[in-house]
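Here is model12.pdb, consisting of PDB, C-alpha atoms:
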```pdb
ATOM      1  CA  MET A  27     -23.047  81.987 -53.651
ATOM      2  CA  SER A  28     -26.143  79.901 -53.371
ATOM      3  CA  GLU A  29     -26.183  76.305 -52.336
ATOM      4  CA  GLN A  30     -28.625  73.900 -53.858
ATOM      5  CA  THR A  31     -30.127  71.484 -51.416
ATOM      6  CA  PRO A  32     -31.616  68.246 -52.707
ATOM      7  CA  GLU A  33     -35.329  67.790 -52.204
ATOM      8  CA  LYS A  34     -36.131  65.648 -49.217
ATOM      9  CA  LEU A  35     -38.445  62.730 -49.852
ATOM     10  CA  PRO A  36     -41.068  61.975 -47.225
ATOM     11  CA  HIS A  37     -39.939  59.473 -44.607
ATOM     12  CA  LYS A  38     -41.528  56.037 -44.885
ATOM     13  CA  ASP A  39     -41.726  53.925 -41.760
ATOM     14  CA  GLY A  40     -40.675  50.313 -42.061
ATOM     15  CA  PRO A  41     -41.825  47.361 -40.028
ATOM     16  CA  PRO A  42     -41.692  47.766 -36.238
ATOM     17  CA  TRP A  43     -38.614  46.803 -34.213
ATOM     18  CA  ASP A  44     -38.896  43.922 -31.722
ATOM     19  CA  SER A  45     -36.678  43.701 -28.629
ATOM     20  CA  LYS A  46     -34.970  40.298 -28.661
ATOM     21  CA  ARG A  47     -32.457  40.183 -25.792
ATOM     22  CA  VAL A  48     -31.003  42.391 -23.057
ATOM     23  CA  PHE A  49     -27.263  42.327 -22.263
ATOM     24  CA  ALA A  50     -25.097  43.866 -19.564
ATOM     25  CA  THR A  51     -22.215  44.755 -21.935
ATOM     26  CA  PHE A  52     -22.061  46.162 -25.438
ATOM     27  CA  GLY A  53     -19.655  43.422 -26.560
ATOM     28  CA  GLU A  54     -22.169  40.668 -25.826
ATOM     29  CA  ALA A  55     -24.966  42.614 -27.522
ATOM     30  CA  ASP A  56     -22.819  43.353 -30.583
ATOM     31  CA  THR A  57     -21.888  39.661 -30.962
ATOM     32  CA  PHE A  58     -25.575  38.703 -30.866
ATOM     33  CA  ARG A  59     -26.408  41.475 -33.379
ATOM     34  CA  LYS A  60     -23.739  40.193 -35.789
ATOM     35  CA  ASN A  61     -25.164  36.661 -35.539
ATOM     36  CA  VAL A  62     -28.624  37.989 -36.421
ATOM     37  CA  LEU A  63     -27.218  39.898 -39.409
ATOM     38  CA  THR A  64     -25.962  36.682 -41.026
ATOM     39  CA  ASP A  65     -29.573  36.297 -42.183
ATOM     40  CA  ASN A  66     -29.903  38.909 -44.955
ATOM     41  CA  THR A  67     -33.655  39.217 -44.482
ATOM     42  CA  LYS A  68     -33.231  40.771 -41.012
ATOM     43  CA  GLN A  69     -32.019  44.103 -39.680
ATOM     44  CA  ALA A  70     -30.620  44.514 -36.168
ATOM     45  CA  LYS A  71     -29.425  47.333 -33.930
ATOM     46  CA  VAL A  72     -28.155  47.784 -30.380
ATOM     47  CA  LYS A  73     -29.792  50.382 -28.148
ATOM     48  CA  ARG A  74     -28.223  51.606 -24.899
ATOM     49  CA  PHE A  75     -30.463  52.259 -21.922
ATOM     50  CA  VAL A  76     -29.585  53.741 -18.532
ATOM     51  CA  ASN A  77     -32.072  53.287 -15.710
ATOM     52  CA  ALA A  78     -32.684  55.723 -12.847
ATOM     53  CA  THR A  79     -29.905  54.192 -10.718
ATOM     54  CA  GLY A  80     -27.347  54.638 -13.508
ATOM     55  CA  ILE A  81     -27.043  50.999 -14.591
ATOM     56  CA  GLU A  82     -26.455  50.536 -18.326
ATOM     57  CA  THR A  83     -28.154  47.804 -20.321
ATOM     58  CA  PHE A  84     -27.952  47.069 -24.031
ATOM     59  CA  VAL A  85     -30.986  45.814 -25.943
ATOM     60  CA  VAL A  86     -30.785  44.128 -29.347
ATOM     61  CA  LYS A  87     -33.720  45.050 -31.561
ATOM     62  CA  VAL A  88     -34.563  43.082 -34.716
ATOM     63  CA  ARG A  89     -36.970  43.543 -37.623
ATOM     64  CA  ASP A  90     -37.581  42.200 -41.115
ATOM     65  CA  ASN A  91     -35.651  43.996 -43.843
ATOM     66  CA  PRO A  92     -38.141  46.243 -45.714
ATOM     67  CA  GLU A  93     -36.412  45.496 -49.036
ATOM     68  CA  PHE A  94     -37.488  41.844 -48.830
ATOM     69  CA  LEU A  95     -41.089  42.433 -47.760
ATOM     70  CA  PRO A  96     -43.858  42.203 -50.372
ATOM     71  CA  LYS A  97     -44.976  45.570 -51.687
ATOM     72  CA  GLU A  98     -48.426  46.743 -50.708
ATOM     73  CA  GLU A  99     -50.603  47.429 -53.702
ATOM     74  CA  LYS A 100     -52.977  50.329 -53.448
ATOM     75  CA  PRO A 101     -56.461  49.850 -54.887
ATOM     76  CA  LYS A 102     -57.027  51.704 -58.121
ATOM     77  CA  LYS A 103     -59.529  54.535 -58.090
ATOM     78  CA  ASN A 104     -62.327  54.457 -60.610
ATOM     79  CA  LYS A 105     -62.840  57.657 -62.540
ATOM     80  CA  LYS A 106     -66.455  58.471 -63.181
TER      81      LYS A 106
END
```

Structure encoded using structure tokens:
Amino acid sequence: MSEQTPEKLPHKDGPPWDSKRVFATFGEADTFRKNVLTDNTKQAKVKRFVNATGIETFVVKVRDNPEFLPKEEKPKKNKK
């Protein structure tokens, strides 16, 4: 039996993520993330960080949705 694996397309990076706010609990960070997501042109995520002393913090990161950004046009090459 041979399994067919789909071809993987090269990964394209989107716009960079910006850290917006830092919270002490995930619940607070998740509420803020949901408020940001009401705007369909934004993407948001919550990242968990633990410092050297073991204290957890939750950072909400936001970026523009790549689907709504203008497409970059590549210059056409002249054939000679």

Point to revise | Answer key for the PyMOL selection byres ((chain A and resi 83-87) around 9), residues as a PyMOL selection string | key: chain A and resi 43-52+54-56+58-59+69-77+81-82+88-89

Practice item. Take CA of Leu35 (chain A) and CA of Thr67 (chain A) and report the distance between them in Å, one decimal. Key: 24.6 Å

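Counting from CA of Thr64 (chain A), the distance to CA of Phe94 (chain A) is 14.8 Å.
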
Practice item. Would you work out the distance separating CA of Pro41 (chain A) from CA of Glu93 (chain A), expressed in Å to one decimal? Key: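 Between CA of Pro41 (chain A) and CA of Glu93 (chain A) the gap is 10.7 Å.
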
Box along x, y and z, 8 Å on every side, all listed atoms of region 88-91 of chain A inside: centre and edge lengths in Å to one decimal, as AutoDock Vina command-line options.
```
--center_x -36.1 --center_y 43.1 --center_z -39.3 --size_x 19.0 --size_y 17.8 --size_z 25.1
```

Reconstruct N, CA and C atoms of region 42-55 of chain A from the incomplete input and present them as a PDB file, in the coordinates of the input.
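Okay, result-v4.pdb is ready:
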```
ATOM      1  N   PRO A  42     -42.104  47.408 -37.602  1.00  0.00           N
ATOM      2  CA  PRO A  42     -41.692  47.766 -36.238  1.00  0.00           C
ATOM      3  C   PRO A  42     -40.519  46.928 -35.747  1.00  0.00           C
ATOM      4  N   TRP A  43     -39.750  47.493 -34.822  1.00  0.00           N
ATOM      5  CA  TRP A  43     -38.614  46.803 -34.213  1.00  0.00           C
ATOM      6  C   TRP A  43     -39.115  45.987 -33.025  1.00  0.00           C
ATOM      7  N   ASP A  44     -38.574  44.781 -32.864  1.00  0.00           N
ATOM      8  CA  ASP A  44     -38.896  43.922 -31.722  1.00  0.00           C
ATOM      9  C   ASP A  44     -37.651  43.761 -30.864  1.00  0.00           C
ATOM     10  N   SER A  45     -37.795  43.930 -29.549  1.00  0.00           N
ATOM     11  CA  SER A  45     -36.678  43.701 -28.629  1.00  0.00           C
ATOM     12  C   SER A  45     -36.475  42.198 -28.476  1.00  0.00           C
ATOM     13  N   LYS A  46     -35.249  41.731 -28.737  1.00  0.00           N
ATOM     14  CA  LYS A  46     -34.970  40.298 -28.661  1.00  0.00           C
ATOM     15  C   LYS A  46     -34.311  39.910 -27.344  1.00  0.00           C
ATOM     16  N   ARG A  47     -33.184  40.559 -27.004  1.00  0.00           N
ATOM     17  CA  ARG A  47     -32.457  40.183 -25.792  1.00  0.00           C
ATOM     18  C   ARG A  47     -31.858  41.410 -25.142  1.00  0.00           C
ATOM     19  N   VAL A  48     -31.616  41.320 -23.836  1.00  0.00           N
ATOM     20  CA  VAL A  48     -31.003  42.391 -23.057  1.00  0.00           C
ATOM     21  C   VAL A  48     -29.656  41.881 -22.548  1.00  0.00           C
ATOM     22  N   PHE A  49     -28.609  42.702 -22.678  1.00  0.00           N
ATOM     23  CA  PHE A  49     -27.263  42.327 -22.263  1.00  0.00           C
ATOM     24  C   PHE A  49     -26.703  43.374 -21.309  1.00  0.00           C
ATOM     25  N   ALA A  50     -25.734  42.957 -20.513  1.00  0.00           N
ATOM     26  CA  ALA A  50     -25.097  43.866 -19.564  1.00  0.00           C
ATOM     27  C   ALA A  50     -23.948  44.636 -20.214  1.00  0.00           C
ATOM     28  N   THR A  51     -23.331  44.078 -21.276  1.00  0.00           N
ATOM     29  CA  THR A  51     -22.215  44.755 -21.935  1.00  0.00           C
ATOM     30  C   THR A  51     -22.500  44.908 -23.421  1.00  0.00           C
ATOM     31  N   PHE A  52     -21.879  45.924 -24.014  1.00  0.00           N
ATOM     32  CA  PHE A  52     -22.061  46.162 -25.438  1.00  0.00           C
ATOM     33  C   PHE A  52     -21.439  45.036 -26.261  1.00  0.00           C
ATOM     34  N   GLY A  53     -20.323  44.492 -25.816  1.00  0.00           N
ATOM     35  CA  GLY A  53     -19.655  43.422 -26.560  1.00  0.00           C
ATOM     36  C   GLY A  53     -20.546  42.210 -26.765  1.00  0.00           C
ATOM     37  N   GLU A  54     -21.248  41.798 -25.713  1.00  0.00           N
ATOM     38  CA  GLU A  54     -22.169  40.668 -25.826  1.00  0.00           C
ATOM     39  C   GLU A  54     -23.314  40.998 -26.786  1.00  0.00           C
ATOM     40  N   ALA A  55     -23.856  42.203 -26.662  1.00  0.00           N
ATOM     41  CA  ALA A  55     -24.966  42.614 -27.522  1.00  0.00           C
ATOM     42  C   ALA A  55     -24.522  42.710 -28.984  1.00  0.00           C
TER      43      ALA A  55
END
```
